[in-house]
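Here is the file entry.pdb (PDB, C-alpha atoms).
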```pdb
ATOM      1  CA  MET A   1      30.132  37.648  15.477
ATOM      2  CA  SER A   2      32.994  36.167  13.452
ATOM      3  CA  ASN A   3      32.496  33.609  10.685
ATOM      4  CA  SER A   4      34.085  30.861  12.795
ATOM      5  CA  GLU A   5      31.635  31.588  15.643
ATOM      6  CA  ILE A   6      28.695  31.474  13.235
ATOM      7  CA  ASN A   7      29.896  28.126  11.871
ATOM      8  CA  LYS A   8      30.410  26.846  15.415
ATOM      9  CA  ASN A   9      26.836  27.779  16.374
ATOM     10  CA  ARG A  10      25.536  26.252  13.147
ATOM     11  CA  ASN A  11      27.262  22.973  13.962
ATOM     12  CA  ASN A  12      26.137  23.073  17.580
ATOM     13  CA  LYS A  13      23.102  20.843  17.114
ATOM     14  CA  LYS A  14      21.927  17.708  18.838
ATOM     15  CA  PRO A  15      22.514  14.322  17.182
ATOM     16  CA  GLY A  16      19.825  13.511  14.661
ATOM     17  CA  GLU A  17      18.845  17.146  14.408
ATOM     18  CA  VAL A  18      18.830  18.773  10.988
ATOM     19  CA  LYS A  19      17.530  21.903   9.357
ATOM     20  CA  LYS A  20      13.758  21.753   8.939
ATOM     21  CA  ASP A  21      12.884  19.650   5.889
ATOM     22  CA  HIS A  22      11.703  21.626   2.877
ATOM     23  CA  ALA A  23       8.437  20.363   1.424
ATOM     24  CA  VAL A  24      10.186  19.689  -1.875
ATOM     25  CA  ASP A  25      13.890  19.081  -2.292
ATOM     26  CA  ILE A  26      15.609  18.304  -5.572
ATOM     27  CA  LYS A  27      17.646  15.576  -3.798
ATOM     28  CA  PHE A  28      14.449  13.759  -2.857
ATOM     29  CA  LEU A  29      12.401  14.525  -5.959
ATOM     30  CA  ALA A  30      11.640  10.830  -6.546
ATOM     31  CA  MET A  31      10.047  10.750  -3.099
ATOM     32  CA  ASP A  32       8.489  14.204  -3.126
ATOM     33  CA  LEU A  33       6.646  13.965  -6.440
ATOM     34  CA  PRO A  34       4.615  10.844  -5.494
ATOM     35  CA  ARG A  35       3.905  12.466  -2.118
ATOM     36  CA  ILE A  36       2.575  15.617  -3.785
ATOM     37  CA  PHE A  37       0.541  13.535  -6.217
ATOM     38  CA  ALA A  38      -0.822  11.415  -3.342
ATOM     39  CA  SER A  39      -1.621  14.563  -1.337
ATOM     40  CA  MET A  40      -3.732  15.853  -4.214
ATOM     41  CA  SER A  41      -5.527  12.593  -5.013
ATOM     42  CA  TYR A  42      -5.786  10.765  -1.668
ATOM     43  CA  GLY A  43      -5.974  14.093   0.144
ATOM     44  CA  LEU A  44      -9.164  14.910  -1.753
ATOM     45  CA  ILE A  45     -10.716  11.476  -1.207
ATOM     46  CA  TYR A  46      -9.849  10.955   2.476
ATOM     47  CA  ARG A  47      -9.502  14.643   3.512
ATOM     48  CA  PRO A  48      -7.442  13.432   6.489
ATOM     49  CA  ARG A  49      -7.658  15.396   9.711
ATOM     50  CA  LYS A  50      -4.705  15.519  12.092
ATOM     51  CA  ILE A  51      -5.348  15.720  15.815
ATOM     52  CA  TYR A  52      -2.664  16.113  18.472
ATOM     53  CA  ILE A  53      -3.418  14.610  21.862
ATOM     54  CA  SER A  54      -1.211  17.089  23.699
ATOM     55  CA  ASN A  55       0.046  20.629  23.261
ATOM     56  CA  LYS A  56       3.607  19.345  22.998
ATOM     57  CA  ARG A  57       4.286  19.117  19.279
ATOM     58  CA  PRO A  58       6.942  16.800  17.772
ATOM     59  CA  ASN A  59      10.323  18.416  17.172
ATOM     60  CA  LYS A  60      10.408  19.346  13.478
ATOM     61  CA  LYS A  61      14.186  19.381  13.321
ATOM     62  CA  SER A  62      14.725  15.926  14.733
ATOM     63  CA  GLY A  63      14.370  12.498  13.200
ATOM     64  CA  ALA A  64      11.842  10.151  14.774
ATOM     65  CA  LEU A  65      10.446   6.679  14.539
ATOM     66  CA  VAL A  66       6.726   6.952  13.823
ATOM     67  CA  VAL A  67       4.836   3.884  15.033
ATOM     68  CA  SER A  68       1.274   3.234  13.975
ATOM     69  CA  ASN A  69      -1.524   0.698  13.935
ATOM     70  CA  HIS A  70      -2.038  -0.937  10.558
ATOM     71  CA  SER A  71      -5.499  -1.760   9.314
ATOM     72  CA  SER A  72      -5.364  -0.866   5.644
ATOM     73  CA  PHE A  73      -2.924  -0.750   2.750
ATOM     74  CA  THR A  74      -3.627   2.972   2.460
ATOM     75  CA  ASP A  75      -2.310   3.681   5.998
ATOM     76  CA  PRO A  76       1.224   4.631   4.875
ATOM     77  CA  VAL A  77      -0.222   7.011   2.270
ATOM     78  CA  ILE A  78      -2.618   8.663   4.734
ATOM     79  CA  ILE A  79       0.103   9.043   7.374
ATOM     80  CA  GLY A  80       2.637  10.228   4.787
ATOM     81  CA  ILE A  81       0.430  12.994   3.432
ATOM     82  CA  THR A  82      -0.996  14.018   6.812
ATOM     83  CA  MET A  83       2.273  14.346   8.714
ATOM     84  CA  GLY A  84       3.386  16.941   6.181
ATOM     85  CA  ARG A  85       6.972  15.765   6.213
ATOM     86  CA  ARG A  86       9.116  13.609   4.010
ATOM     87  CA  MET A  87       8.927  10.106   5.384
ATOM     88  CA  TRP A  88      10.611   6.771   4.882
ATOM     89  CA  TYR A  89       8.721   3.520   5.365
ATOM     90  CA  LEU A  90       9.718   0.111   6.633
ATOM     91  CA  ALA A  91       7.901  -2.605   4.698
ATOM     92  CA  GLY A  92       8.004  -6.381   4.765
ATOM     93  CA  GLU A  93       9.631  -8.052   1.758
ATOM     94  CA  LEU A  94       6.240  -9.497   0.843
ATOM     95  CA  ALA A  95       4.680  -6.036   0.609
ATOM     96  CA  MET A  96       7.637  -4.806  -1.417
ATOM     97  CA  GLY A  97       6.879  -7.330  -4.158
ATOM     98  CA  LYS A  98       9.260  -8.032  -7.006
ATOM     99  CA  LYS A  99      11.225  -6.049  -9.585
ATOM    100  CA  LEU A 100       9.067  -3.134 -10.825
ATOM    101  CA  LYS A 101       6.903  -2.749  -7.705
ATOM    102  CA  SER A 102       9.940  -3.043  -5.468
ATOM    103  CA  THR A 103      11.882  -0.443  -7.492
ATOM    104  CA  LEU A 104       8.953   1.982  -7.420
ATOM    105  CA  LEU A 105       8.402   1.542  -3.693
ATOM    106  CA  LYS A 106      12.110   1.992  -2.977
ATOM    107  CA  GLY A 107      11.994   5.192  -5.014
ATOM    108  CA  CYS A 108       9.133   6.420  -2.814
ATOM    109  CA  GLY A 109      11.212   5.796   0.323
ATOM    110  CA  CYS A 110      10.325   2.211   1.275
ATOM    111  CA  ILE A 111      12.941   0.024   2.897
ATOM    112  CA  GLY A 112      12.293  -3.688   2.537
ATOM    113  CA  ILE A 113      12.897  -5.812   5.597
ATOM    114  CA  ASP A 114      13.007  -9.591   5.584
ATOM    115  CA  ARG A 115      11.067 -10.733   8.638
ATOM    116  CA  ASN A 116      12.244 -14.324   8.376
ATOM    117  CA  ILE A 117      15.795 -13.395   9.367
ATOM    118  CA  SER A 118      17.403 -10.846  11.681
ATOM    119  CA  ASP A 119      17.720  -8.341   8.825
ATOM    120  CA  ILE A 120      20.562  -6.184  10.139
ATOM    121  CA  ASP A 121      21.209  -4.572   6.734
ATOM    122  CA  ALA A 122      17.691  -3.138   6.560
ATOM    123  CA  VAL A 123      17.810  -2.099  10.223
ATOM    124  CA  ARG A 124      21.109  -0.274   9.643
ATOM    125  CA  LYS A 125      19.649   1.539   6.639
ATOM    126  CA  ALA A 126      16.601   2.591   8.672
ATOM    127  CA  VAL A 127      18.708   3.702  11.639
ATOM    128  CA  ASN A 128      20.957   5.827   9.391
ATOM    129  CA  ILE A 129      17.933   7.566   7.889
ATOM    130  CA  MET A 130      16.632   8.496  11.332
ATOM    131  CA  LYS A 131      20.096   9.594  12.461
ATOM    132  CA  ARG A 132      20.171  12.003   9.519
ATOM    133  CA  GLY A 133      17.068  13.656  10.994
ATOM    134  CA  HIS A 134      14.275  12.089   8.960
ATOM    135  CA  TYR A 135      11.021  10.389   9.912
ATOM    136  CA  LEU A 136      10.657   6.648   9.484
ATOM    137  CA  LEU A 137       7.256   5.001   9.661
ATOM    138  CA  MET A 138       6.854   1.433  10.810
ATOM    139  CA  PHE A 139       4.004  -0.768  11.903
ATOM    140  CA  PRO A 140       5.353  -2.551  14.985
ATOM    141  CA  GLN A 141       2.544  -5.121  15.004
ATOM    142  CA  GLY A 142       4.326  -6.540  11.981
ATOM    143  CA  ARG A 143       1.150  -7.339  10.089
ATOM    144  CA  LEU A 144      -2.124  -5.952   8.839
ATOM    145  CA  GLU A 145      -4.938  -6.092  11.428
ATOM    146  CA  ARG A 146      -8.123  -5.382   9.522
ATOM    147  CA  ASP A 147     -10.148  -4.688  12.698
ATOM    148  CA  GLY A 148      -7.843  -1.746  13.513
ATOM    149  CA  GLU A 149      -7.124  -3.063  16.990
ATOM    150  CA  ILE A 150      -3.660  -2.604  18.433
ATOM    151  CA  LYS A 151      -2.276  -6.029  19.196
ATOM    152  CA  LYS A 152       0.989  -7.093  20.837
ATOM    153  CA  LEU A 153       3.900  -5.139  19.372
ATOM    154  CA  LYS A 154       7.238  -6.556  18.320
ATOM    155  CA  SER A 155      10.352  -5.172  19.975
ATOM    156  CA  GLY A 156      12.210  -4.138  16.814
ATOM    157  CA  ALA A 157      10.876  -0.574  17.009
ATOM    158  CA  ILE A 158      12.490  -0.003  20.405
ATOM    159  CA  LEU A 159      15.802  -1.425  19.205
ATOM    160  CA  MET A 160      15.888   0.865  16.190
ATOM    161  CA  ALA A 161      14.928   3.993  18.133
ATOM    162  CA  TRP A 162      17.575   3.187  20.745
ATOM    163  CA  GLN A 163      20.231   2.625  18.103
ATOM    164  CA  ALA A 164      19.349   5.839  16.239
ATOM    165  CA  GLY A 165      18.932   7.873  19.443
ATOM    166  CA  VAL A 166      15.669   9.383  18.197
ATOM    167  CA  PRO A 167      12.260   9.734  19.857
ATOM    168  CA  ILE A 168       9.328   7.439  19.138
ATOM    169  CA  LEU A 169       6.179   9.144  17.903
ATOM    170  CA  PRO A 170       3.040   7.018  18.361
ATOM    171  CA  VAL A 171       0.140   7.679  16.002
ATOM    172  CA  TYR A 172      -3.248   6.094  15.351
ATOM    173  CA  VAL A 173      -4.751   6.113  11.876
ATOM    174  CA  LYS A 174      -8.360   5.345  11.049
ATOM    175  CA  LYS A 175     -10.182   5.493   7.768
ATOM    176  CA  GLY A 176     -13.897   6.213   7.773
ATOM    177  CA  ALA A 177     -16.403   3.362   7.469
ATOM    178  CA  LYS A 178     -17.236   4.395   3.886
ATOM    179  CA  TRP A 179     -14.715   5.340   1.219
ATOM    180  CA  TYR A 180     -15.928   8.944   1.195
ATOM    181  CA  ASN A 181     -15.678   9.431   4.986
ATOM    182  CA  ARG A 182     -12.779  11.462   6.302
ATOM    183  CA  ALA A 183      -9.708   9.684   7.606
ATOM    184  CA  THR A 184      -8.254  10.666  10.970
ATOM    185  CA  LEU A 185      -4.717  10.658  12.242
ATOM    186  CA  ILE A 186      -4.185  10.988  15.974
ATOM    187  CA  VAL A 187      -0.667  12.111  16.824
ATOM    188  CA  GLY A 188       0.529  11.180  20.286
ATOM    189  CA  GLU A 189       3.285  12.646  22.389
ATOM    190  CA  GLU A 190       6.785  11.625  21.369
ATOM    191  CA  PHE A 191       8.938   9.902  23.968
ATOM    192  CA  ARG A 192      12.552   8.883  24.221
ATOM    193  CA  ILE A 193      14.017   5.588  25.405
ATOM    194  CA  LYS A 194      16.157   7.455  27.952
ATOM    195  CA  ASP A 195      12.987   8.868  29.598
ATOM    196  CA  TYR A 196      12.197   5.340  30.770
ATOM    197  CA  CYS A 197      15.592   3.661  30.891
ATOM    198  CA  ASP A 198      18.749   5.536  31.825
ATOM    199  CA  LYS A 199      21.130   2.642  31.126
ATOM    200  CA  LYS A 200      23.727   3.047  28.395
ATOM    201  CA  MET A 201      22.526  -0.222  26.981
ATOM    202  CA  PRO A 202      19.021  -1.462  27.856
ATOM    203  CA  SER A 203      18.670  -5.158  28.628
ATOM    204  CA  MET A 204      16.238  -7.454  26.816
ATOM    205  CA  ALA A 205      13.895  -7.137  29.818
ATOM    206  CA  ASP A 206      14.046  -3.328  29.477
ATOM    207  CA  ILE A 207      13.278  -3.635  25.770
ATOM    208  CA  GLU A 208      10.222  -5.776  26.525
ATOM    209  CA  ARG A 209       9.078  -3.214  29.119
ATOM    210  CA  LEU A 210       9.644  -0.329  26.690
ATOM    211  CA  THR A 211       7.676  -2.205  24.028
ATOM    212  CA  ASP A 212       4.744  -2.407  26.458
ATOM    213  CA  ILE A 213       5.074   1.338  27.161
ATOM    214  CA  CYS A 214       5.017   2.010  23.413
ATOM    215  CA  GLU A 215       1.886  -0.126  23.109
ATOM    216  CA  GLU A 216       0.243   1.864  25.924
ATOM    217  CA  LYS A 217       1.060   5.135  24.144
ATOM    218  CA  MET A 218      -0.520   3.810  20.963
ATOM    219  CA  HIS A 219      -3.614   2.802  22.963
ATOM    220  CA  GLU A 220      -3.777   6.365  24.329
ATOM    221  CA  CYS A 221      -3.978   7.598  20.734
ATOM    222  CA  GLU A 222      -6.713   5.029  19.987
ATOM    223  CA  HIS A 223      -8.744   6.176  23.017
ATOM    224  CA  ALA A 224      -8.255   9.810  21.967
ATOM    225  CA  TYR A 225      -9.681   8.913  18.564
ATOM    226  CA  TYR A 226     -12.841   7.344  20.001
ATOM    227  CA  GLU A 227     -13.238  10.284  22.432
ATOM    228  CA  TYR A 228     -12.998  12.684  19.503
ATOM    229  CA  ILE A 229     -15.527  10.718  17.465
ATOM    230  CA  LYS A 230     -18.012  10.548  20.371
ATOM    231  CA  LYS A 231     -17.644  14.270  20.987
ATOM    232  CA  HIS A 232     -18.098  15.267  17.361
ATOM    233  CA  ALA A 233     -20.755  12.791  16.226
ATOM    234  CA  PRO A 234     -24.048  14.545  15.539
ATOM    235  CA  ALA A 235     -26.614  13.915  18.347
ATOM    236  CA  GLY A 236     -28.772  10.822  17.748
ATOM    237  CA  LYS A 237     -26.772   9.825  14.718
ATOM    238  CA  LYS A 238     -24.014   7.275  14.423
ATOM    239  CA  SER A 239     -20.640   8.587  13.321
ATOM    240  CA  ALA A 240     -18.864   7.433  10.188
ATOM    241  CA  THR A 241     -17.097   4.765  12.195
ATOM    242  CA  GLY A 242     -20.291   3.411  13.660
ATOM    243  CA  VAL A 243     -19.462   4.668  17.213
TER
ATOM    244  CA  MET B 244      43.658  -6.287  27.969
ATOM    245  CA  ASP B 245      40.478  -8.375  28.100
ATOM    246  CA  SER B 246      40.103 -11.118  25.511
ATOM    247  CA  THR B 247      37.306 -11.032  22.933
ATOM    248  CA  LEU B 248      35.521 -13.788  24.863
ATOM    249  CA  ASP B 249      35.613 -11.766  28.108
ATOM    250  CA  ARG B 250      34.258  -8.684  26.366
ATOM    251  CA  LEU B 251      31.516 -10.796  24.786
ATOM    252  CA  LYS B 252      30.602 -12.153  28.216
ATOM    253  CA  VAL B 253      30.224  -8.586  29.498
ATOM    254  CA  LEU B 254      27.986  -7.759  26.515
ATOM    255  CA  LEU B 255      25.853 -10.849  27.141
ATOM    256  CA  SER B 256      25.588  -9.962  30.800
ATOM    257  CA  GLU B 257      24.359  -6.438  29.878
ATOM    258  CA  VAL B 258      21.915  -7.716  27.245
ATOM    259  CA  TYR B 259      20.402 -10.241  29.667
ATOM    260  CA  ASP B 260      20.837  -8.017  32.740
ATOM    261  CA  GLY B 261      22.509 -10.778  34.739
ATOM    262  CA  ALA B 262      19.769 -13.300  33.959
ATOM    263  CA  ILE B 263      22.324 -15.725  32.531
ATOM    264  CA  ASP B 264      25.389 -17.101  34.263
ATOM    265  CA  THR B 265      28.234 -15.735  32.154
ATOM    266  CA  SER B 266      30.885 -17.638  34.125
ATOM    267  CA  SER B 267      29.723 -20.877  32.505
ATOM    268  CA  ILE B 268      29.948 -19.441  28.980
ATOM    269  CA  THR B 269      32.663 -20.938  26.812
ATOM    270  CA  GLU B 270      33.384 -20.793  23.108
ATOM    271  CA  GLU B 271      31.275 -23.950  22.697
ATOM    272  CA  THR B 272      28.156 -22.381  24.220
ATOM    273  CA  ARG B 273      25.329 -22.384  21.667
ATOM    274  CA  LEU B 274      23.406 -19.110  21.359
ATOM    275  CA  VAL B 275      19.925 -20.510  20.693
ATOM    276  CA  GLU B 276      19.972 -23.858  22.485
ATOM    277  CA  ASP B 277      22.050 -22.955  25.578
ATOM    278  CA  ILE B 278      21.399 -19.232  26.074
ATOM    279  CA  GLY B 279      17.896 -19.235  24.584
ATOM    280  CA  MET B 280      18.595 -16.337  22.251
ATOM    281  CA  LYS B 281      15.659 -15.331  20.046
ATOM    282  CA  SER B 282      15.907 -13.523  16.724
ATOM    283  CA  ILE B 283      15.350 -10.091  18.296
ATOM    284  CA  ALA B 284      18.092 -10.757  20.881
ATOM    285  CA  MET B 285      20.362 -11.902  18.059
ATOM    286  CA  LEU B 286      19.763  -8.622  16.248
ATOM    287  CA  TYR B 287      20.424  -6.691  19.441
ATOM    288  CA  MET B 288      23.624  -8.638  20.078
ATOM    289  CA  ALA B 289      24.772  -7.925  16.522
ATOM    290  CA  MET B 290      24.183  -4.194  17.069
ATOM    291  CA  ALA B 291      25.991  -4.349  20.405
ATOM    292  CA  ILE B 292      28.938  -6.236  18.850
ATOM    293  CA  GLU B 293      29.214  -3.595  16.122
ATOM    294  CA  GLY B 294      29.319  -0.868  18.756
ATOM    295  CA  GLU B 295      31.727  -2.644  21.099
ATOM    296  CA  PHE B 296      34.214  -4.034  18.583
ATOM    297  CA  GLY B 297      33.812  -1.528  15.740
ATOM    298  CA  VAL B 298      33.110  -4.229  13.173
ATOM    299  CA  SER B 299      30.381  -4.237  10.557
ATOM    300  CA  LEU B 300      28.109  -7.274  10.315
ATOM    301  CA  THR B 301      25.876  -8.205   7.407
ATOM    302  CA  ASN B 302      22.866 -10.472   6.895
ATOM    303  CA  ASP B 303      25.228 -13.211   5.692
ATOM    304  CA  ASP B 304      27.142 -13.158   8.992
ATOM    305  CA  LEU B 305      24.218 -13.659  11.339
ATOM    306  CA  PRO B 306      23.282 -17.237  10.365
ATOM    307  CA  LYS B 307      26.952 -18.182  10.869
ATOM    308  CA  MET B 308      26.811 -17.055  14.493
ATOM    309  CA  ARG B 309      25.701 -20.298  16.135
ATOM    310  CA  THR B 310      28.081 -20.462  19.080
ATOM    311  CA  VAL B 311      29.958 -17.901  21.152
ATOM    312  CA  GLY B 312      33.130 -19.174  19.467
ATOM    313  CA  ASP B 313      31.696 -18.288  16.038
ATOM    314  CA  ILE B 314      31.248 -14.683  17.191
ATOM    315  CA  VAL B 315      34.778 -14.580  18.638
ATOM    316  CA  GLU B 316      36.189 -15.857  15.344
ATOM    317  CA  LEU B 317      34.109 -13.427  13.282
ATOM    318  CA  VAL B 318      35.122 -10.441  15.413
ATOM    319  CA  GLU B 319      38.807 -11.373  15.469
ATOM    320  CA  THR B 320      38.998 -11.841  11.705
ATOM    321  CA  ARG B 321      37.236  -8.509  11.062
ATOM    322  CA  ALA B 322      38.946  -6.361  13.694
TER
END
```
Write-out of the structure in structure tokens:
Amino acid sequence: MSNSEINKNRNNKKPGEVKKDHAVDIKFLAMDLPRIFASMSYGLIYRPRKIYISNKRPNKKSGALVVSNHSSFTDPVIIGITMGRRMWYLAGELAMGKKLKSTLLKGCGCIGIDRNISDIDAVRKAVNIMKRGHYLLMFPQGRLERDGEIKKLKSGAILMAWQAGVPILPVYVKKGAKWYNRATLIVGEEFRIKDYCDKKMPSMADIERLTDICEEKMHECEHAYYEYIKKHAPAGKKSATGV
Amino acid sequence: MDSTLDRLKVLLSEVYDGAIDTSSITEETRLVEDIGMKSIAMLYMAMAIEGEFGVSLTNDDLPKMRTVGDIVELVETRA
């Protein structure tokens, strides 16, 4: 095979598909070091377990929009260390804080989004990251729900996944009832917008419908979690979550 | 060649899937009050405009887009 053919094959990849991420990359050292530190500290405390609800694993070479429930400030850390991949995060301006906190969070891969306006600059930044083949985590409920329930999602997630042309990966994260109980991350089956809408440009009604589908997929992950807990709770004893 | 307004009407028709009457849309039509555009639809329209007209919009541009005419002006000055 000639060099030009090898280069041609190398470049023959789908949009948003990149070489598999290395665990540590000098380019992303500012993001990787906190992740490694968090994996060692939080990993020891929460000992998160990752459970897939289907045999179809997410494509490791493709970018994706990871959507999750949000019940604790530690959710991004647990998801970040459990997914085992470099991940960017979409955070509200309020969570980003000011000056030092904001700089540190940006260094760790957080993108601040102003929810009071249609923040197209932040959306563009997030879309470009996913197009380059990376994972982006967002909480489409738009706020912290302490009870862990999945409430009505906002449609921004669908818009961003459509614009980036990447799949959506629903997950469900749950910390144990006590600080020393293991955390669990349920990873659902990734889906693409085009699986449910073959139009070049989905309408607002399609986006609403796709948001409901996304919500359903997140509920599937939630049900899978409670099934797992019921199945693995010792007989006659309540599990760590009280189920 | 279609005018910017005509192309915008086509975009609006695709975004709302024919739920709005694009024949009555003029440059004076207000996006929020007359079309009922919410913030998410505004964001979607901005993305669609970027794709259709090859212009780049920023956070400062969006609040200026109050009527269809504002978008036409913005697109024509940037293109």
Calculated over all atoms listed in the file, which of the candidates A:Arg57, A:His134, A:Lys101, A:Lys154 has the smallest distance to Phe28 in chain A?
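The closest residue to Phe28 in chain A is A:His134.
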Can you pull out every residue within 9 Å of Arg321 in chain B, counting only C-alpha atoms, but drop anything in the same chain fewer than 2 positions away, and send it as a list in words?
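In the requested format, the answer is Val298, Ser299, Glu316, Leu317, Val318 and Glu319 of chain B.
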Result set, the PyMOL selection byres ((chain B) within 6 of (chain A)) on current file, as a PDB file with C-alpha atoms, in the coordinates of the input:
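Result file is out_20.pdb:
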```pdb
ATOM      1  CA  GLU B 257      24.359  -6.438  29.878  1.00  0.00           C
ATOM      2  CA  VAL B 258      21.915  -7.716  27.245  1.00  0.00           C
ATOM      3  CA  TYR B 259      20.402 -10.241  29.667  1.00  0.00           C
ATOM      4  CA  ASP B 260      20.837  -8.017  32.740  1.00  0.00           C
ATOM      5  CA  SER B 282      15.907 -13.523  16.724  1.00  0.00           C
ATOM      6  CA  LEU B 286      19.763  -8.622  16.248  1.00  0.00           C
ATOM      7  CA  THR B 301      25.876  -8.205   7.407  1.00  0.00           C
ATOM      8  CA  ASN B 302      22.866 -10.472   6.895  1.00  0.00           C
TER       9      ASN B 302
END
```
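Every protein or nucleic acid residue with an atom no more than 10 Å from Asp249 in chain B, counting only C-alpha atoms and leaving out same-chain residues fewer than 5 positions away, appears here: B:Met244, B:Leu254, B:Leu255, B:Thr265, B:Ser266, B:Ile268, B:Thr269, B:Val315.
Using all atoms listed in the file for every distance, the candidate list A:Lys231, A:Arg47, A:Arg209, A:Arg192 yields A:Arg192 as the residue closest to Leu65 in chain A.
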Could you list, as an MDAnalysis selection string, every residue matched by the PyMOL selection byres ((chain A and resi 71) around 10) in this structure?
chainID A and resid 68:70 72:75 139 143:150 173:175
Considering only C-alpha atoms, can you say which of A:Leu90, A:Val127, A:Lys61, A:Gly112 comes closest to Met290 in chain B?
A:Val127
Which residues are close to Gly107 in chain A, i.e. within 9 Å by all atoms listed in the file, leaving aside same-chain residues fewer than 5 positions away? Reply as number ranges by chain.
A: 30-31, 102
Quick one: apply the PyMOL selection byres ((chain B and resi 311) around 10) to the file and drop the selected residues here as a PyMOL selection string.
chain B and resi 248+251-252+268-274+278+308-310+312-317
